[in-house]
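With mmCIF, C-alpha atoms and all ligand atoms inside, this is structure33.cif:
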data_model
loop_
_atom_site.group_PDB
_atom_site.id
_atom_site.type_symbol
_atom_site.label_atom_id
_atom_site.label_comp_id
_atom_site.auth_asym_id
_atom_site.auth_seq_id
_atom_site.Cartn_x
_atom_site.Cartn_y
_atom_site.Cartn_z
ATOM 1 C CA MET A 18 70.579 68.833 96.361
ATOM 2 C CA MET A 19 70.244 70.376 99.786
ATOM 3 C CA GLN A 20 72.141 73.594 99.481
ATOM 4 C CA VAL A 21 71.336 76.769 101.340
ATOM 5 C CA THR A 22 72.158 79.672 99.085
ATOM 6 C CA ARG A 23 72.402 83.244 100.195
ATOM 7 C CA PRO A 24 72.133 85.374 97.095
ATOM 8 C CA GLY A 25 74.508 88.264 97.477
ATOM 9 C CA GLY A 26 76.556 86.497 100.149
ATOM 10 C CA LYS A 27 80.007 88.016 100.198
ATOM 11 C CA PRO A 28 82.689 86.094 98.303
ATOM 12 C CA LEU A 29 85.154 84.334 100.623
ATOM 13 C CA PRO A 30 88.915 84.319 100.168
ATOM 14 C CA VAL A 31 90.442 80.829 100.304
ATOM 15 C CA LEU A 32 94.141 81.596 100.572
ATOM 16 C CA MET A 33 96.668 79.194 99.054
ATOM 17 C CA TYR A 34 100.196 78.920 100.408
ATOM 18 C CA HIS A 35 102.976 76.374 99.888
ATOM 19 C CA ASN A 36 106.202 77.033 101.822
ATOM 20 C CA ILE A 37 106.354 79.369 104.808
ATOM 21 C CA ALA A 38 110.084 79.997 104.753
ATOM 22 C CA ARG A 39 112.652 82.236 103.165
ATOM 23 C CA ALA A 40 113.291 81.246 99.534
ATOM 24 C CA PRO A 41 116.697 79.528 99.266
ATOM 25 C CA ARG A 42 119.187 81.805 97.541
ATOM 26 C CA HIS A 43 120.240 79.312 94.921
ATOM 27 C CA LEU A 44 116.683 78.728 93.782
ATOM 28 C CA ARG A 45 116.237 80.497 90.437
ATOM 29 C CA VAL A 46 112.663 79.566 89.620
ATOM 30 C CA TYR A 47 109.488 79.029 91.590
ATOM 31 C CA ARG A 48 110.703 81.290 94.372
ATOM 32 C CA SER A 49 107.124 82.609 94.431
ATOM 33 C CA LEU A 50 106.038 79.420 96.250
ATOM 34 C CA TYR A 51 107.788 80.763 99.358
ATOM 35 C CA VAL A 52 106.290 83.281 101.762
ATOM 36 C CA SER A 53 108.676 84.282 104.533
ATOM 37 C CA PRO A 54 107.541 83.827 108.147
ATOM 38 C CA PRO A 55 107.575 87.621 108.797
ATOM 39 C CA SER A 56 105.412 88.232 105.703
ATOM 40 C CA PHE A 57 103.035 85.439 106.700
ATOM 41 C CA SER A 58 102.800 86.905 110.177
ATOM 42 C CA ARG A 59 102.021 90.388 108.831
ATOM 43 C CA GLN A 60 99.307 88.924 106.599
ATOM 44 C CA MET A 61 97.702 87.131 109.564
ATOM 45 C CA TRP A 62 97.987 90.343 111.595
ATOM 46 C CA LEU A 63 96.176 92.266 108.853
ATOM 47 C CA LEU A 64 93.391 89.691 108.700
ATOM 48 C CA GLN A 65 92.876 90.034 112.440
ATOM 49 C CA ARG A 66 93.176 93.824 112.333
ATOM 50 C CA LEU A 67 90.395 93.976 109.718
ATOM 51 C CA GLY A 68 88.157 91.746 111.823
ATOM 52 C CA TYR A 69 88.715 88.534 109.867
ATOM 53 C CA THR A 70 89.143 85.118 111.447
ATOM 54 C CA GLY A 71 91.446 82.706 109.644
ATOM 55 C CA LEU A 72 89.822 79.270 109.470
ATOM 56 C CA SER A 73 90.623 75.797 108.210
ATOM 57 C CA MET A 74 88.448 74.387 105.426
ATOM 58 C CA ASN A 75 86.520 72.179 107.843
ATOM 59 C CA ALA A 76 85.832 75.067 110.232
ATOM 60 C CA ALA A 77 84.806 77.307 107.325
ATOM 61 C CA MET A 78 82.222 74.916 105.857
ATOM 62 C CA PRO A 79 79.148 76.774 107.241
ATOM 63 C CA TRP A 80 80.381 79.964 105.500
ATOM 64 C CA LEU A 81 81.274 78.152 102.289
ATOM 65 C CA ARG A 82 77.828 76.548 102.249
ATOM 66 C CA GLY A 83 76.227 79.956 102.713
ATOM 67 C CA GLU A 84 74.733 79.071 106.114
ATOM 68 C CA ARG A 85 76.687 81.731 107.976
ATOM 69 C CA SER A 86 78.056 85.099 106.974
ATOM 70 C CA GLY A 87 80.789 87.275 108.355
ATOM 71 C CA ARG A 88 84.448 88.053 108.034
ATOM 72 C CA ILE A 89 86.414 84.874 107.574
ATOM 73 C CA ALA A 90 89.351 83.917 105.414
ATOM 74 C CA VAL A 91 90.161 80.271 104.741
ATOM 75 C CA ILE A 92 93.828 79.396 105.077
ATOM 76 C CA THR A 93 95.237 76.461 103.084
ATOM 77 C CA LEU A 94 98.785 75.189 102.661
ATOM 78 C CA ASP A 95 99.599 72.674 99.927
ATOM 79 C CA ASP A 96 101.801 69.554 99.993
ATOM 80 C CA GLY A 97 102.625 69.205 103.745
ATOM 81 C CA TYR A 98 106.008 70.903 104.069
ATOM 82 C CA LEU A 99 107.870 70.723 107.347
ATOM 83 C CA ASP A 100 108.206 74.529 107.370
ATOM 84 C CA ASN A 101 104.416 74.709 107.820
ATOM 85 C CA LEU A 102 104.842 73.071 111.223
ATOM 86 C CA ASP A 103 107.969 74.984 112.179
ATOM 87 C CA ALA A 104 106.980 78.459 110.989
ATOM 88 C CA ALA A 105 103.257 78.682 110.196
ATOM 89 C CA LEU A 106 101.870 76.776 113.197
ATOM 90 C CA PRO A 107 103.166 79.156 115.910
ATOM 91 C CA ILE A 108 101.996 82.193 113.939
ATOM 92 C CA LEU A 109 98.532 80.737 113.350
ATOM 93 C CA GLN A 110 98.276 79.836 117.038
ATOM 94 C CA HIS A 111 99.388 83.332 118.054
ATOM 95 C CA PHE A 112 96.429 84.823 116.179
ATOM 96 C CA GLY A 113 93.986 82.110 117.276
ATOM 97 C CA PHE A 114 93.538 80.970 113.659
ATOM 98 C CA SER A 115 93.294 77.509 112.157
ATOM 99 C CA ALA A 116 94.403 76.291 108.740
ATOM 100 C CA THR A 117 94.301 73.237 106.495
ATOM 101 C CA CYS A 118 97.442 71.531 105.275
ATOM 102 C CA TYR A 119 96.859 69.272 102.254
ATOM 103 C CA VAL A 120 99.190 66.292 102.604
ATOM 104 C CA VAL A 121 100.482 63.824 99.968
ATOM 105 C CA SER A 122 100.039 60.591 101.916
ATOM 106 C CA GLY A 123 102.601 58.567 99.951
ATOM 107 C CA SER A 124 105.356 61.063 100.753
ATOM 108 C CA ILE A 125 104.939 61.437 104.523
ATOM 109 C CA GLY A 126 108.387 62.073 105.983
ATOM 110 C CA GLY A 127 109.832 62.310 102.472
ATOM 111 C CA HIS A 128 110.266 65.169 100.070
ATOM 112 C CA ASN A 129 108.513 66.770 97.081
ATOM 113 C CA ALA A 130 109.269 63.867 94.710
ATOM 114 C CA TRP A 131 106.722 65.142 92.131
ATOM 115 C CA ASP A 132 108.513 68.406 91.370
ATOM 116 C CA ALA A 133 111.954 68.227 93.048
ATOM 117 C CA GLN A 134 113.669 67.771 89.703
ATOM 118 C CA ARG A 135 111.829 70.605 87.968
ATOM 119 C CA LEU A 136 112.441 72.943 90.898
ATOM 120 C CA GLY A 137 115.990 71.802 91.544
ATOM 121 C CA ILE A 138 115.291 71.464 95.270
ATOM 122 C CA ARG A 139 114.227 68.720 97.671
ATOM 123 C CA LYS A 140 111.922 70.143 100.294
ATOM 124 C CA PRO A 141 111.290 68.078 103.450
ATOM 125 C CA LEU A 142 107.711 67.036 104.184
ATOM 126 C CA MET A 143 106.225 66.409 107.624
ATOM 127 C CA SER A 144 106.661 62.933 109.098
ATOM 128 C CA ALA A 145 103.777 61.052 110.739
ATOM 129 C CA THR A 146 104.781 62.369 114.170
ATOM 130 C CA GLN A 147 105.026 65.894 112.821
ATOM 131 C CA LEU A 148 101.626 65.605 111.137
ATOM 132 C CA ARG A 149 100.153 64.594 114.484
ATOM 133 C CA ARG A 150 101.772 67.650 116.073
ATOM 134 C CA TRP A 151 100.206 69.842 113.382
ATOM 135 C CA HIS A 152 96.802 68.247 114.035
ATOM 136 C CA ASP A 153 97.176 68.318 117.829
ATOM 137 C CA GLY A 154 98.092 72.007 117.517
ATOM 138 C CA GLY A 155 94.523 72.724 116.399
ATOM 139 C CA MET A 156 95.142 72.517 112.653
ATOM 140 C CA GLU A 157 93.510 70.406 109.971
ATOM 141 C CA VAL A 158 95.047 67.705 107.799
ATOM 142 C CA GLY A 159 93.448 67.472 104.351
ATOM 143 C CA ALA A 160 94.277 65.017 101.564
ATOM 144 C CA HIS A 161 96.258 65.793 98.425
ATOM 145 C CA THR A 162 96.357 62.249 96.923
ATOM 146 C CA ARG A 163 99.013 59.573 97.483
ATOM 147 C CA THR A 164 101.498 60.531 94.766
ATOM 148 C CA HIS A 165 100.521 64.016 93.489
ATOM 149 C CA PRO A 166 99.506 62.936 89.946
ATOM 150 C CA ARG A 167 97.451 64.767 87.345
ATOM 151 C CA LEU A 168 94.126 63.212 88.297
ATOM 152 C CA SER A 169 92.321 63.807 84.998
ATOM 153 C CA GLN A 170 94.909 61.518 83.383
ATOM 154 C CA CYS A 171 94.487 58.634 85.876
ATOM 155 C CA GLY A 172 92.457 55.542 84.996
ATOM 156 C CA ASN A 173 89.518 54.730 87.261
ATOM 157 C CA ASP A 174 91.373 52.292 89.561
ATOM 158 C CA ARG A 175 94.324 54.607 90.029
ATOM 159 C CA LEU A 176 91.976 57.540 90.579
ATOM 160 C CA HIS A 177 90.153 55.687 93.343
ATOM 161 C CA ASP A 178 93.443 54.638 94.933
ATOM 162 C CA GLU A 179 94.740 58.210 94.968
ATOM 163 C CA ILE A 180 91.558 59.820 96.313
ATOM 164 C CA ALA A 181 90.190 57.172 98.718
ATOM 165 C CA GLY A 182 93.631 55.795 99.625
ATOM 166 C CA SER A 183 95.051 59.126 100.745
ATOM 167 C CA LYS A 184 91.997 59.671 102.934
ATOM 168 C CA SER A 185 92.412 56.360 104.778
ATOM 169 C CA ASP A 186 96.232 56.703 104.993
ATOM 170 C CA LEU A 187 95.904 60.092 106.668
ATOM 171 C CA GLU A 188 93.045 59.035 108.931
ATOM 172 C CA ASP A 189 95.212 56.150 110.156
ATOM 173 C CA CYS A 190 98.069 58.572 110.703
ATOM 174 C CA ILE A 191 96.277 61.239 112.765
ATOM 175 C CA GLY A 192 93.432 59.131 114.171
ATOM 176 C CA ALA A 193 90.770 61.602 113.042
ATOM 177 C CA PRO A 194 88.468 62.031 110.030
ATOM 178 C CA VAL A 195 89.959 63.617 106.907
ATOM 179 C CA THR A 196 87.207 65.427 105.009
ATOM 180 C CA GLN A 197 88.967 67.961 102.803
ATOM 181 C CA PHE A 198 90.666 67.383 99.464
ATOM 182 C CA CYS A 199 92.863 69.374 97.114
ATOM 183 C CA TYR A 200 93.489 68.435 93.449
ATOM 184 C CA PRO A 201 97.231 68.397 92.620
ATOM 185 C CA TYR A 202 98.043 71.128 90.048
ATOM 186 C CA GLY A 203 94.353 72.050 90.293
ATOM 187 C CA ASP A 204 93.871 69.339 87.648
ATOM 188 C CA MET A 205 90.325 67.974 87.749
ATOM 189 C CA ASP A 206 87.259 67.241 85.644
ATOM 190 C CA GLU A 207 83.736 66.047 86.307
ATOM 191 C CA ARG A 208 84.812 62.405 86.776
ATOM 192 C CA VAL A 209 87.446 63.433 89.324
ATOM 193 C CA ALA A 210 85.031 65.697 91.224
ATOM 194 C CA ASP A 211 82.302 63.031 91.272
ATOM 195 C CA LEU A 212 84.645 60.422 92.719
ATOM 196 C CA THR A 213 85.982 62.872 95.305
ATOM 197 C CA ARG A 214 82.419 63.461 96.489
ATOM 198 C CA GLU A 215 81.641 59.726 96.487
ATOM 199 C CA CYS A 216 84.721 59.020 98.610
ATOM 200 C CA GLY A 217 83.228 61.015 101.485
ATOM 201 C CA TYR A 218 84.998 64.348 101.317
ATOM 202 C CA ALA A 219 83.076 67.516 102.157
ATOM 203 C CA ALA A 220 84.750 69.876 99.668
ATOM 204 C CA ALA A 221 87.728 70.205 97.321
ATOM 205 C CA THR A 222 89.918 73.095 96.238
ATOM 206 C CA THR A 223 91.495 73.922 92.885
ATOM 207 C CA THR A 224 94.063 76.455 91.695
ATOM 208 C CA ARG A 225 91.428 78.392 89.760
ATOM 209 C CA ARG A 226 91.767 82.075 90.618
ATOM 210 C CA GLY A 227 89.144 84.045 92.505
ATOM 211 C CA ARG A 228 87.162 84.096 95.733
ATOM 212 C CA ALA A 229 84.649 81.383 96.626
ATOM 213 C CA MET A 230 80.941 82.170 96.351
ATOM 214 C CA PRO A 231 78.973 81.129 99.460
ATOM 215 C CA GLY A 232 76.571 78.374 98.453
ATOM 216 C CA GLY A 233 78.545 77.714 95.281
ATOM 217 C CA ASP A 234 80.136 74.526 93.932
ATOM 218 C CA LEU A 235 82.109 72.914 96.775
ATOM 219 C CA TRP A 236 83.953 70.584 94.355
ATOM 220 C CA GLN A 237 85.848 73.202 92.427
ATOM 221 C CA LEU A 238 86.558 75.943 94.915
ATOM 222 C CA PRO A 239 88.777 78.707 93.561
ATOM 223 C CA ARG A 240 91.642 80.051 95.652
ATOM 224 C CA ILE A 241 93.853 83.079 95.960
ATOM 225 C CA GLN A 242 97.519 82.288 95.675
ATOM 226 C CA ILE A 243 99.699 84.292 98.013
ATOM 227 C CA ALA A 244 103.223 84.499 96.650
ATOM 228 C CA ARG A 245 106.569 85.716 97.848
ATOM 229 C CA HIS A 246 106.515 89.037 96.003
ATOM 230 C CA HIS A 247 103.114 90.126 97.314
ATOM 231 C CA MET A 248 103.469 93.115 99.563
ATOM 232 C CA LEU A 249 100.877 93.620 102.299
ATOM 233 C CA ALA A 250 98.751 95.984 100.178
ATOM 234 C CA HIS A 251 98.809 93.467 97.345
ATOM 235 C CA PHE A 252 97.784 90.700 99.767
ATOM 236 C CA ALA A 253 94.834 92.849 100.906
ATOM 237 C CA MET A 254 93.774 93.680 97.363
ATOM 238 C CA ARG A 255 93.834 90.026 96.340
ATOM 239 C CA SER A 256 92.035 88.825 99.482
ATOM 240 C CA PHE A 257 89.398 91.471 100.079
ATOM 241 C CA THR A 258 88.479 92.895 96.675
ATOM 242 C CA GLY A 259 87.266 91.516 93.324
ATOM 243 C CA TYR A 260 90.803 91.763 91.922
ATOM 244 C CA GLU A 261 91.335 88.007 91.606
ATOM 245 C CA ASP A 262 87.689 87.264 90.688
ATOM 246 C CA ARG A 263 88.156 89.222 87.490
ATOM 247 C CA ARG A 264 91.139 87.020 86.644
ATOM 248 C CA ALA A 265 89.244 83.747 87.054
HETATM 249 ZN ZN ZN A 301 100.530 70.153 95.447
#
Output the structure of this file as structure tokens.
Amino acid sequence: MMQVTRPGGKPLPVLMYHNIARAPRHLRVYRSLYVSPPSFSRQMWLLQRLGYTGLSMNAAMPWLRGERSGRIAVITLDDGYLDNLDAALPILQHFGFSATCYVVSGSIGGHNAWDAQRLGIRKPLMSATQLRRWHDGGMEVGAHTRTHPRLSQCGNDRLHDEIAGSKSDLEDCIGAPVTQFCYPYGDMDERVADLTRECGYAAATTTRRGRAMPGGDLWQLPRIQIARHHMLAHFAMRSFTGYEDRRA
């Protein structure tokens, strides 16, 4: 395999967000999936203040492959919530950053059907027009399957439909290549990773904890979850130190 490795390259934080909004009051569980717009803005400010550039997965590929070094943080948002467009986009643009939103292509313009019952809340997802606005605003659309299943439990046909189908659905929607993938629930195995690579993606992210090693495995990239209760110092510790690596 052609892979340029830089031994000792600094680990890269791939940040994982879901909703950029205030957590609804009535929500008792899973409030941690929400980061308020002011908190998100302060986190982006800190990145910039410390000399980091926030980049989408596609823009960060040379760093992830170990071909370039320097202060970058990868910004990812899972599931394609409408609040990403309303709240995160203007903040990202203000700081000159880009980010990747991983979209469930079978739920465009719908809601979080895969966990609405468990969470007790229906959260609106971006429509096709809104996804185009996200993309036209300088942001990346990545794929997150068609229906948000546990991929390791899918048969081969279903697996192909979820991974290849979401890519073509989203490419049709935004009229641009979709080259980044995210495994729902971080659920993957070798068969899932192999098919993801064969379907033409460039990299895929998991929910495994830790920072990404430049030149490491692009098919099971770990991430750093940023949650509602993380104060700015906590955000910095998780993003810029080995704190999360030790929890992998
Ligand atoms: Zn998801």
Practice task
Would you mind telling me which residue in A:Ala105, A:Leu29, A:Val158, A:Cys216 lies nearest to Ser73 in chain A when using only C-alpha atoms?
Solution key: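 The answer is A:Val158, which sits nearest to Ser73 in chain A.
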Practice task
Name every residue that the PyMOL selection byres (((chain A and resi 178) around 12) and not hetatm) selects in this structure, writing the answer as JSON, numbers by chain with chains first and numbers rising.
Solution key: {"A": [122, 123, 162, 163, 164, 165, 166, 168, 171, 172, 173, 174, 175, 176, 177, 179, 180, 181, 182, 183, 184, 185, 186, 212, 213, 216]}
Exercise for the section: Run through the PyMOL selection byres (((chain A and resi 234-238) around 9) and not hetatm) on the given coordinates and return the selected residues as a list of chain:residue names. Expected result: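 Checked against the file, the PyMOL selection byres (((chain A and resi 234-238) around 9) and not hetatm) matches A:Val31, A:Leu81, A:Arg82, A:Gly203, A:Met205, A:Ala210, A:Asp211, A:Thr213, A:Arg214, A:Ala219, A:Ala220, A:Ala221, A:Thr222, A:Thr223, A:Thr224, A:Arg225, A:Gly227, A:Arg228, A:Ala229, A:Met230, A:Pro231, A:Gly232, A:Gly233, A:Pro239, A:Arg240.
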Practice task
Grab the CA of Gly259 in chain A to CA of Pro55 in chain A distance for me, in Å with one decimal place.
Solution key: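 Computing the Euclidean distance for CA of Gly259 in chain A and CA of Pro55 in chain A yields 25.8 Å.
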Exercise for the section: Would you list the residues that come within 7 Å of ligand ZN 301 (chain A)? Count all atoms listed in the file and give the answer as a ChimeraX atom specification. Expected result: /A:95-96,161,165,201-202
Completion exercise
For Gly113 in chain A, the closest of A:Ser58, A:Thr70, A:Thr93, A:Asn75 counting all atoms listed in the file is A:Thr70
Problem - Pick from A:Arg167, A:Gly192, A:Glu207, A:Phe257 nearest to Tyr69 in chain A, counting only C-alpha atoms - result: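 So, comparing all the options, the nearest one is A:Phe257.
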Exercise for the section: Convert the output of the PyMOL selection byres (((chain A and resi 242) around 7) and not hetatm) on the shown file into explicit residues, formatted as a ChimeraX atom specification. Expected result: /A:32-34,240-241,243-244
Problem - Residue nearest Ile89 in chain A - candidates A:Ser256, A:Trp151, A:His43, A:Arg135, atoms counted: only C-alpha atoms - result: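 Of A:Ser256, A:Trp151, A:His43, A:Arg135, the one nearest Ile89 in chain A, counting only C-alpha atoms, is A:Ser256.
When CA of Gly127 in chain A is paired with CA of Tyr200 in chain A, their separation reads 19.6 Å.
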Practice task
Just the residues within 9 Å of Ser56 in chain A, please, counting all atoms listed in the file, with nothing from its chain fewer than 6 positions along; format it as a ChimeraX atom specification.
Solution key: /A:37,245,247-249
Handout entry: Spatial neighbours of His111 in chain A, 12 Å, all atoms listed in the file, chain gap at least 6 places, as a ChimeraX atom specification
Key = /A:58-59,61-62,65,71,104-105,154-155
Excluding Asp103 in chain A and residues on its chain fewer than 6 positions from it, collect all residues at most 12 Å away from it, counting all atoms listed in the file, and give them as a JSON list (two decimals) with C-alpha atoms, in the frame of the given file.
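Final output, saved to part01.json:
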[["chain", "number", "residue", "atom", "x", "y", "z"],
["A", 36, "ASN", "CA", 106.20, 77.03, 101.82],
["A", 37, "ILE", "CA", 106.35, 79.37, 104.81],
["A", 38, "ALA", "CA", 110.08, 80.00, 104.75],
["A", 54, "PRO", "CA", 107.54, 83.83, 108.15],
["A", 97, "GLY", "CA", 102.62, 69.20, 103.74],
["A", 109, "LEU", "CA", 98.53, 80.74, 113.35],
["A", 110, "GLN", "CA", 98.28, 79.84, 117.04],
["A", 141, "PRO", "CA", 111.29, 68.08, 103.45],
["A", 142, "LEU", "CA", 107.71, 67.04, 104.18],
["A", 143, "MET", "CA", 106.22, 66.41, 107.62],
["A", 147, "GLN", "CA", 105.03, 65.89, 112.82],
["A", 148, "LEU", "CA", 101.63, 65.60, 111.14],
["A", 150, "ARG", "CA", 101.77, 67.65, 116.07],
["A", 151, "TRP", "CA", 100.21, 69.84, 113.38],
["A", 154, "GLY", "CA", 98.09, 72.01, 117.52]]
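Atom pair CA of His152 in chain A / CA of Ala193 in chain A has a distance of 9.0 Å (rounded to one decimal).
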Exercise for the section: Give the answer as one residue: which of A:Leu102, A:Ala265, A:Leu67, A:Leu72 has the shortest atom-to-atom distance to Ala253 in chain A, using all atoms listed in the file? Expected result: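 Answer, going by the shortest atom-to-atom distance: A:Leu67.
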Problem - Using all atoms listed in the file: which of A:Leu187, A:Leu63, A:Ala77, A:Val46 has the shortest distance to Phe112 in chain A - result: A:Leu63
Problem - Surrounding residues of Thr146 in chain A excluding itself and chain neighbours under 6 positions, 9 Å, all atoms listed in the file, as a PyMOL selection string - result: chain A and resi 126+190-191
As lines of an AutoDock Vina configuration file, please: the centre and edge lengths in Å, to one decimal, of an axis-aligned box enclosing every listed atom of range 95-104 of chain A with 8 Å added on each side.
center_x = 103.9
center_y = 73.8
center_z = 106.1
size_x = 24.6
size_y = 25.3
size_z = 28.3
